[in-house]
Structure formats: structure tokens, C-alpha cells
Amino acid sequence: MATLLHIDSSVFPADASTSRTVTDAFRRTWQEQHPEGTVIHRDLAMNPVPHISAHAHTAGFSDPATHTPEQAAAFAERVQLIEELERADAVLIGAPMYNLTIPSTLKAWLDNVVLFGRTAGAAQSVKGTPVTVIASRGGAYGPGTPREGYEYVQNYLSAILADFLGADLDFIVPELTMAPANPEMADLVPLFEASRERALDEAATKAKQLAQRLTA
């Protein structure tokens, strides 16, 4: 039986969050395809993980036998998150764009699970794990758009998840999510709605394909 690690980071509830709406569609399709499987849902907005501390950071580069009590306690929290990631057969991440990049809660989770010598570097203990990121954003930042140079979500996550961790990374990108709430973007609402529908369709399709592949 396969395990899906589902991570949400939007500060908004499901009915007001595009990233949560799309991750929910992915998860529901996954569960329909694989009802015997396990879904671990970590909501970083409701239950944030600790930001990396000096004790947690230095413990990752030293012999556990030499750890101080403070280092041991902080490192144990990191190991718990790392082991949860390593047990996952697939990972789903909701990563809305806030001020051009990912939420700080998601950055904190990444800082904890990126550990050179284990998940990153030569070892890459999660190498090849399928990771699907729902990278929602209020505007448009794709190639050829005026704000292309301000895209710090996909570029950053590609470096961390694909290059550092060796994950099999895929993005679903619903755009223009601010259009319904911003009068100045009123003429873009149809484009937002089309982008959202494409994202929901992609999520369902990818979840179905992934569940079938992992349980074949």
C-alpha cells in the first residue's frame, strides 16, 4: 500500500484557497484510486513546524554522540519530519505565492528536511520520489509575462526538491487567483477560471496516473 504525504501551507481555508482546492482534488482522486493506501496530511498553517534553530542546524553536521541536550531535542524534531518524508511513496505540496515566494511555514519545513548527508548531497534518501507541487499565484509569472523575472516559487522549489533532494518533480500552476477579488483584474476573471479548471483537471489526472503506477 502506498503512502501520500500531503502538505498544505496556505493561510486561507479551503473555500478561499486555490492551492488547497487543487490539493484536495488531487488527494480525493488518489484516495478513490487507492482506498487502501495511507494519506498523511500536514497542515503547516494550522500546525507550523519549528523554524530551524542553531541547535537543529549544528546537530545536522556533528556526531550524535557529541550532541548537547538542546541539540538532541532539536535534531529529534528534524528527524521526525525527515522520516515522514522518507516513508512517503509520493508527496503533494500546496505552495501559494506570497510576496513572490513560498510561505515561511513551507520554508521552515524544507529547512528541516533538507539534511546533507541524508536527504541531500550524495545520499539523497528520497531520490526519485514523485513530488507534485500546486504553485498557485495571484498574477501571471510564466515565460513571456512582464513579471517573469519575479518568479521565485518554481525556480526555488526546483532547486531544492529536484536538484538537492533528487525528487521526481512536477508542477501544477493555477494563476490569476486574485482576479475575483481585485476590481482592477476584473477582465482577467475568465482567464483565472480557465486556469483553475485546468489545474483541477491536471490534479485529478496526475493523481490517478500516479496512484495506478505506484500500486501496479
# chains A, B, ... in the order shown; residues from 1 in each chain; ligands from 1

call {"tool": "residues_around", "arguments": {"residues": "His34 of chain A", "least_positions_apart": "2", "cutoff": "12 Å", "atoms": "only C-alpha atoms", "output": "PyMOL selection string"}}
result
chain A and resi 1-4+27-32+36-39+207-216

call {"tool": "write_last_selection", "arguments": {"atoms": "N, CA and C atoms", "output": "PDB file, in the first residue's frame"}}
result
ATOM      1  N   MET A   1       0.836  -1.196   0.000  1.00  0.00           N
ATOM      2  CA  MET A   1       0.000   0.000   0.000  1.00  0.00           C
ATOM      3  C   MET A   1       0.871   1.245   0.000  1.00  0.00           C
ATOM      4  N   ALA A   2       0.499   2.211  -0.827  1.00  0.00           N
ATOM      5  CA  ALA A   2       1.302   3.414  -0.984  1.00  0.00           C
ATOM      6  C   ALA A   2       0.870   4.499  -0.001  1.00  0.00           C
ATOM      7  N   THR A   3       1.824   5.346   0.350  1.00  0.00           N
ATOM      8  CA  THR A   3       1.583   6.461   1.264  1.00  0.00           C
ATOM      9  C   THR A   3       1.773   7.779   0.546  1.00  0.00           C
ATOM     10  N   LEU A   4       0.786   8.662   0.675  1.00  0.00           N
ATOM     11  CA  LEU A   4       0.858  10.016   0.130  1.00  0.00           C
ATOM     12  C   LEU A   4       1.056  10.989   1.282  1.00  0.00           C
ATOM     13  N   ARG A  27      -5.865  14.821  -3.804  1.00  0.00           N
ATOM     14  CA  ARG A  27      -5.947  13.821  -2.747  1.00  0.00           C
ATOM     15  C   ARG A  27      -7.198  12.950  -2.877  1.00  0.00           C
ATOM     16  N   ARG A  28      -8.339  13.577  -3.192  1.00  0.00           N
ATOM     17  CA  ARG A  28      -9.576  12.808  -3.322  1.00  0.00           C
ATOM     18  C   ARG A  28      -9.471  11.783  -4.446  1.00  0.00           C
ATOM     19  N   THR A  29      -8.881  12.187  -5.569  1.00  0.00           N
ATOM     20  CA  THR A  29      -8.706  11.238  -6.679  1.00  0.00           C
ATOM     21  C   THR A  29      -7.752  10.127  -6.284  1.00  0.00           C
ATOM     22  N   TRP A  30      -6.669  10.494  -5.591  1.00  0.00           N
ATOM     23  CA  TRP A  30      -5.720   9.489  -5.104  1.00  0.00           C
ATOM     24  C   TRP A  30      -6.435   8.461  -4.235  1.00  0.00           C
ATOM     25  N   GLN A  31      -7.255   8.924  -3.298  1.00  0.00           N
ATOM     26  CA  GLN A  31      -7.947   8.019  -2.388  1.00  0.00           C
ATOM     27  C   GLN A  31      -8.983   7.165  -3.107  1.00  0.00           C
ATOM     28  N   GLU A  32      -9.626   7.724  -4.130  1.00  0.00           N
ATOM     29  CA  GLU A  32     -10.571   6.935  -4.927  1.00  0.00           C
ATOM     30  C   GLU A  32      -9.856   5.804  -5.660  1.00  0.00           C
ATOM     31  N   GLU A  36      -7.034   1.723  -0.120  1.00  0.00           N
ATOM     32  CA  GLU A  36      -6.305   1.002   0.924  1.00  0.00           C
ATOM     33  C   GLU A  36      -5.043   1.735   1.363  1.00  0.00           C
ATOM     34  N   GLY A  37      -4.699   2.777   0.647  1.00  0.00           N
ATOM     35  CA  GLY A  37      -3.467   3.494   0.934  1.00  0.00           C
ATOM     36  C   GLY A  37      -3.584   4.417   2.140  1.00  0.00           C
ATOM     37  N   THR A  38      -2.469   5.062   2.439  1.00  0.00           N
ATOM     38  CA  THR A  38      -2.394   5.972   3.580  1.00  0.00           C
ATOM     39  C   THR A  38      -2.146   7.388   3.098  1.00  0.00           C
ATOM     40  N   VAL A  39      -2.865   8.353   3.688  1.00  0.00           N
ATOM     41  CA  VAL A  39      -2.629   9.765   3.416  1.00  0.00           C
ATOM     42  C   VAL A  39      -2.239  10.429   4.729  1.00  0.00           C
ATOM     43  N   ALA A 207      -3.036  12.556 -10.255  1.00  0.00           N
ATOM     44  CA  ALA A 207      -3.247  11.711  -9.081  1.00  0.00           C
ATOM     45  C   ALA A 207      -3.657  10.302  -9.491  1.00  0.00           C
ATOM     46  N   LYS A 208      -4.520  10.204 -10.477  1.00  0.00           N
ATOM     47  CA  LYS A 208      -4.965   8.900 -10.965  1.00  0.00           C
ATOM     48  C   LYS A 208      -3.807   8.117 -11.561  1.00  0.00           C
ATOM     49  N   GLN A 209      -3.023   8.766 -12.406  1.00  0.00           N
ATOM     50  CA  GLN A 209      -1.891   8.105 -13.041  1.00  0.00           C
ATOM     51  C   GLN A 209      -0.853   7.670 -12.014  1.00  0.00           C
ATOM     52  N   LEU A 210      -0.584   8.532 -11.048  1.00  0.00           N
ATOM     53  CA  LEU A 210       0.424   8.236 -10.044  1.00  0.00           C
ATOM     54  C   LEU A 210      -0.028   7.091  -9.144  1.00  0.00           C
ATOM     55  N   ALA A 211      -1.272   7.119  -8.716  1.00  0.00           N
ATOM     56  CA  ALA A 211      -1.786   6.044  -7.862  1.00  0.00           C
ATOM     57  C   ALA A 211      -1.734   4.707  -8.587  1.00  0.00           C
ATOM     58  N   GLN A 212      -2.105   4.715  -9.854  1.00  0.00           N
ATOM     59  CA  GLN A 212      -2.082   3.476 -10.635  1.00  0.00           C
ATOM     60  C   GLN A 212      -0.659   2.967 -10.818  1.00  0.00           C
ATOM     61  N   ARG A 213       0.284   3.901 -11.042  1.00  0.00           N
ATOM     62  CA  ARG A 213       1.671   3.494 -11.243  1.00  0.00           C
ATOM     63  C   ARG A 213       2.275   2.908  -9.971  1.00  0.00           C
ATOM     64  N   LEU A 214       2.007   3.543  -8.842  1.00  0.00           N
ATOM     65  CA  LEU A 214       2.619   3.113  -7.593  1.00  0.00           C
ATOM     66  C   LEU A 214       1.978   1.848  -7.029  1.00  0.00           C
ATOM     67  N   THR A 215       0.772   1.532  -7.455  1.00  0.00           N
ATOM     68  CA  THR A 215       0.093   0.343  -6.923  1.00  0.00           C
ATOM     69  C   THR A 215       0.015  -0.787  -7.938  1.00  0.00           C
ATOM     70  N   ALA A 216       0.637  -0.596  -9.098  1.00  0.00           N
ATOM     71  CA  ALA A 216       0.596  -1.637 -10.135  1.00  0.00           C
ATOM     72  C   ALA A 216       1.363  -2.873  -9.680  1.00  0.00           C
TER      73      ALA A 216
END

call {"tool": "select_by_dssp", "arguments": {"residues": "segment 18-158 of chain A", "states": "strand (DSSP E)", "output": "PyMOL selection string"}}
result
chain A and resi 38-43+90-94+130-134

call {"tool": "residues_around", "arguments": {"residues": "Ser53 of chain A", "least_positions_apart": "6", "cutoff": "10 Å", "atoms": "only C-alpha atoms", "output": "PyMOL selection string"}}
result
chain A and resi 59+71+74-75+111-112

call {"tool": "write_last_selection", "arguments": {"atoms": "all heavy atoms", "output": "PDB file, in the first residue's frame"}}
result
ATOM      1  N   ALA A  59      23.467  20.431  14.840  1.00  0.00           N
ATOM      2  CA  ALA A  59      23.351  18.996  15.107  1.00  0.00           C
ATOM      3  C   ALA A  59      23.394  18.179  13.826  1.00  0.00           C
ATOM      4  O   ALA A  59      23.843  17.024  13.828  1.00  0.00           O
ATOM      5  CB  ALA A  59      22.054  18.712  15.865  1.00  0.00           C
ATOM      6  N   GLN A  71      20.745  20.248  21.409  1.00  0.00           N
ATOM      7  CA  GLN A  71      20.916  19.767  20.046  1.00  0.00           C
ATOM      8  C   GLN A  71      20.133  18.475  19.812  1.00  0.00           C
ATOM      9  O   GLN A  71      19.484  18.302  18.776  1.00  0.00           O
ATOM     10  CB  GLN A  71      22.393  19.534  19.741  1.00  0.00           C
ATOM     11  CG  GLN A  71      23.206  20.785  19.506  1.00  0.00           C
ATOM     12  CD  GLN A  71      24.659  20.454  19.249  1.00  0.00           C
ATOM     13  OE1 GLN A  71      25.277  19.683  19.991  1.00  0.00           O
ATOM     14  NE2 GLN A  71      25.227  21.039  18.196  1.00  0.00           N
ATOM     15  N   ALA A  74      16.357  19.260  19.468  1.00  0.00           N
ATOM     16  CA  ALA A  74      16.052  19.946  18.214  1.00  0.00           C
ATOM     17  C   ALA A  74      16.234  19.018  17.015  1.00  0.00           C
ATOM     18  O   ALA A  74      15.433  19.041  16.076  1.00  0.00           O
ATOM     19  CB  ALA A  74      16.934  21.185  18.065  1.00  0.00           C
ATOM     20  N   PHE A  75      17.272  18.195  17.058  1.00  0.00           N
ATOM     21  CA  PHE A  75      17.533  17.296  15.942  1.00  0.00           C
ATOM     22  C   PHE A  75      16.481  16.194  15.862  1.00  0.00           C
ATOM     23  O   PHE A  75      16.126  15.744  14.769  1.00  0.00           O
ATOM     24  CB  PHE A  75      18.925  16.694  16.068  1.00  0.00           C
ATOM     25  CG  PHE A  75      19.396  15.991  14.830  1.00  0.00           C
ATOM     26  CD1 PHE A  75      19.541  16.675  13.637  1.00  0.00           C
ATOM     27  CD2 PHE A  75      19.706  14.633  14.851  1.00  0.00           C
ATOM     28  CE1 PHE A  75      19.975  16.035  12.487  1.00  0.00           C
ATOM     29  CE2 PHE A  75      20.142  13.988  13.705  1.00  0.00           C
ATOM     30  CZ  PHE A  75      20.272  14.690  12.520  1.00  0.00           C
ATOM     31  N   ASP A 111      13.644  23.642   5.390  1.00  0.00           N
ATOM     32  CA  ASP A 111      14.900  23.791   6.135  1.00  0.00           C
ATOM     33  C   ASP A 111      15.129  22.611   7.070  1.00  0.00           C
ATOM     34  O   ASP A 111      16.280  22.233   7.320  1.00  0.00           O
ATOM     35  CB  ASP A 111      14.879  25.088   6.943  1.00  0.00           C
ATOM     36  CG  ASP A 111      15.072  26.321   6.074  1.00  0.00           C
ATOM     37  OD1 ASP A 111      15.549  26.172   4.929  1.00  0.00           O
ATOM     38  OD2 ASP A 111      14.743  27.421   6.546  1.00  0.00           O
ATOM     39  N   ASN A 112      14.056  22.042   7.579  1.00  0.00           N
ATOM     40  CA  ASN A 112      14.189  20.888   8.477  1.00  0.00           C
ATOM     41  C   ASN A 112      14.490  19.596   7.734  1.00  0.00           C
ATOM     42  O   ASN A 112      15.285  18.775   8.198  1.00  0.00           O
ATOM     43  CB  ASN A 112      12.910  20.719   9.304  1.00  0.00           C
ATOM     44  CG  ASN A 112      12.865  21.600  10.534  1.00  0.00           C
ATOM     45  OD1 ASN A 112      13.502  21.309  11.542  1.00  0.00           O
ATOM     46  ND2 ASN A 112      12.129  22.702  10.465  1.00  0.00           N
TER      47      ASN A 112
END

call {"tool": "atom_distance", "arguments": {"atom1": "atom CA of Asp24 of chain A", "atom2": "atom CA of Arg42 of chain A"}}
result
12.7 Å

call {"tool": "residues_around", "arguments": {"residues": "segment 85-100 of chain A", "least_positions_apart": "5", "cutoff": "8 Å", "atoms": "only C-alpha atoms", "output": "count of residues only"}}
result
31

call {"tool": "select_by_dssp", "arguments": {"residues": "segment 70-183 of chain A", "states": "alpha helix (DSSP H)", "output": "PyMOL selection string"}}
result
chain A and resi 70-87+104-113+154-157

call {"tool": "residues_around", "arguments": {"residues": "Phe61 of chain A", "least_positions_apart": "4", "cutoff": "10 Å", "atoms": "only C-alpha atoms", "output": "PDB file with C-alpha atoms, in the first residue's frame"}}
result
ATOM      1  CA  ALA A  56      18.982  21.932  14.998  1.00  0.00           C
ATOM      2  CA  HIS A  57      21.337  23.232  12.317  1.00  0.00           C
ATOM      3  CA  LEU A 115      19.852  17.423   5.536  1.00  0.00           C
ATOM      4  CA  PHE A 116      23.124  16.995   3.671  1.00  0.00           C
ATOM      5  CA  GLY A 117      24.456  13.505   4.069  1.00  0.00           C
TER       6      GLY A 117
END

call {"tool": "decode", "arguments": {"residues": "segment 171-186 of chain A", "atoms": "N, CA and C atoms", "output": "PDB file, in the first residue's frame"}}
result
ATOM      1  N   PHE A 171       4.932  20.278 -11.514  1.00  0.00           N
ATOM      2  CA  PHE A 171       4.193  21.457 -11.064  1.00  0.00           C
ATOM      3  C   PHE A 171       2.818  21.515 -11.715  1.00  0.00           C
ATOM      4  N   ILE A 172       1.844  21.979 -10.946  1.00  0.00           N
ATOM      5  CA  ILE A 172       0.539  22.392 -11.458  1.00  0.00           C
ATOM      6  C   ILE A 172       0.389  23.845 -11.040  1.00  0.00           C
ATOM      7  N   VAL A 173       0.101  24.742 -12.011  1.00  0.00           N
ATOM      8  CA  VAL A 173       0.204  26.183 -11.736  1.00  0.00           C
ATOM      9  C   VAL A 173      -1.105  26.917 -12.051  1.00  0.00           C
ATOM     10  N   PRO A 174      -2.014  27.024 -11.088  1.00  0.00           N
ATOM     11  CA  PRO A 174      -3.184  27.883 -11.271  1.00  0.00           C
ATOM     12  C   PRO A 174      -2.797  29.346 -11.047  1.00  0.00           C
ATOM     13  N   GLU A 175      -3.128  30.201 -12.019  1.00  0.00           N
ATOM     14  CA  GLU A 175      -2.700  31.596 -11.967  1.00  0.00           C
ATOM     15  C   GLU A 175      -3.885  32.560 -11.870  1.00  0.00           C
ATOM     16  N   LEU A 176      -3.549  33.825 -11.632  1.00  0.00           N
ATOM     17  CA  LEU A 176      -4.523  34.923 -11.600  1.00  0.00           C
ATOM     18  C   LEU A 176      -5.572  34.727 -10.511  1.00  0.00           C
ATOM     19  N   THR A 177      -5.184  34.136  -9.399  1.00  0.00           N
ATOM     20  CA  THR A 177      -6.148  33.818  -8.340  1.00  0.00           C
ATOM     21  C   THR A 177      -6.706  35.060  -7.648  1.00  0.00           C
ATOM     22  N   MET A 178      -6.045  36.214  -7.820  1.00  0.00           N
ATOM     23  CA  MET A 178      -6.542  37.451  -7.219  1.00  0.00           C
ATOM     24  C   MET A 178      -7.606  38.133  -8.077  1.00  0.00           C
ATOM     25  N   ALA A 179      -7.827  37.652  -9.272  1.00  0.00           N
ATOM     26  CA  ALA A 179      -8.752  38.316 -10.196  1.00  0.00           C
ATOM     27  C   ALA A 179     -10.162  38.483  -9.623  1.00  0.00           C
ATOM     28  N   PRO A 180     -10.744  37.474  -8.983  1.00  0.00           N
ATOM     29  CA  PRO A 180     -12.110  37.663  -8.472  1.00  0.00           C
ATOM     30  C   PRO A 180     -12.209  38.697  -7.352  1.00  0.00           C
ATOM     31  N   ALA A 181     -11.109  38.953  -6.648  1.00  0.00           N
ATOM     32  CA  ALA A 181     -11.139  39.866  -5.502  1.00  0.00           C
ATOM     33  C   ALA A 181     -10.615  41.260  -5.815  1.00  0.00           C
ATOM     34  N   ASN A 182      -9.946  41.418  -6.941  1.00  0.00           N
ATOM     35  CA  ASN A 182      -9.320  42.693  -7.287  1.00  0.00           C
ATOM     36  C   ASN A 182     -10.059  43.340  -8.456  1.00  0.00           C
ATOM     37  N   PRO A 183     -10.764  44.456  -8.207  1.00  0.00           N
ATOM     38  CA  PRO A 183     -11.521  45.096  -9.291  1.00  0.00           C
ATOM     39  C   PRO A 183     -10.664  45.441 -10.512  1.00  0.00           C
ATOM     40  N   GLU A 184      -9.393  45.747 -10.284  1.00  0.00           N
ATOM     41  CA  GLU A 184      -8.518  46.095 -11.398  1.00  0.00           C
ATOM     42  C   GLU A 184      -8.203  44.891 -12.288  1.00  0.00           C
ATOM     43  N   MET A 185      -8.507  43.690 -11.781  1.00  0.00           N
ATOM     44  CA  MET A 185      -8.258  42.474 -12.552  1.00  0.00           C
ATOM     45  C   MET A 185      -9.556  41.836 -13.038  1.00  0.00           C
ATOM     46  N   ALA A 186     -10.657  42.595 -12.999  1.00  0.00           N
ATOM     47  CA  ALA A 186     -11.968  42.027 -13.323  1.00  0.00           C
ATOM     48  C   ALA A 186     -12.013  41.395 -14.711  1.00  0.00           C
TER      49      ALA A 186
END
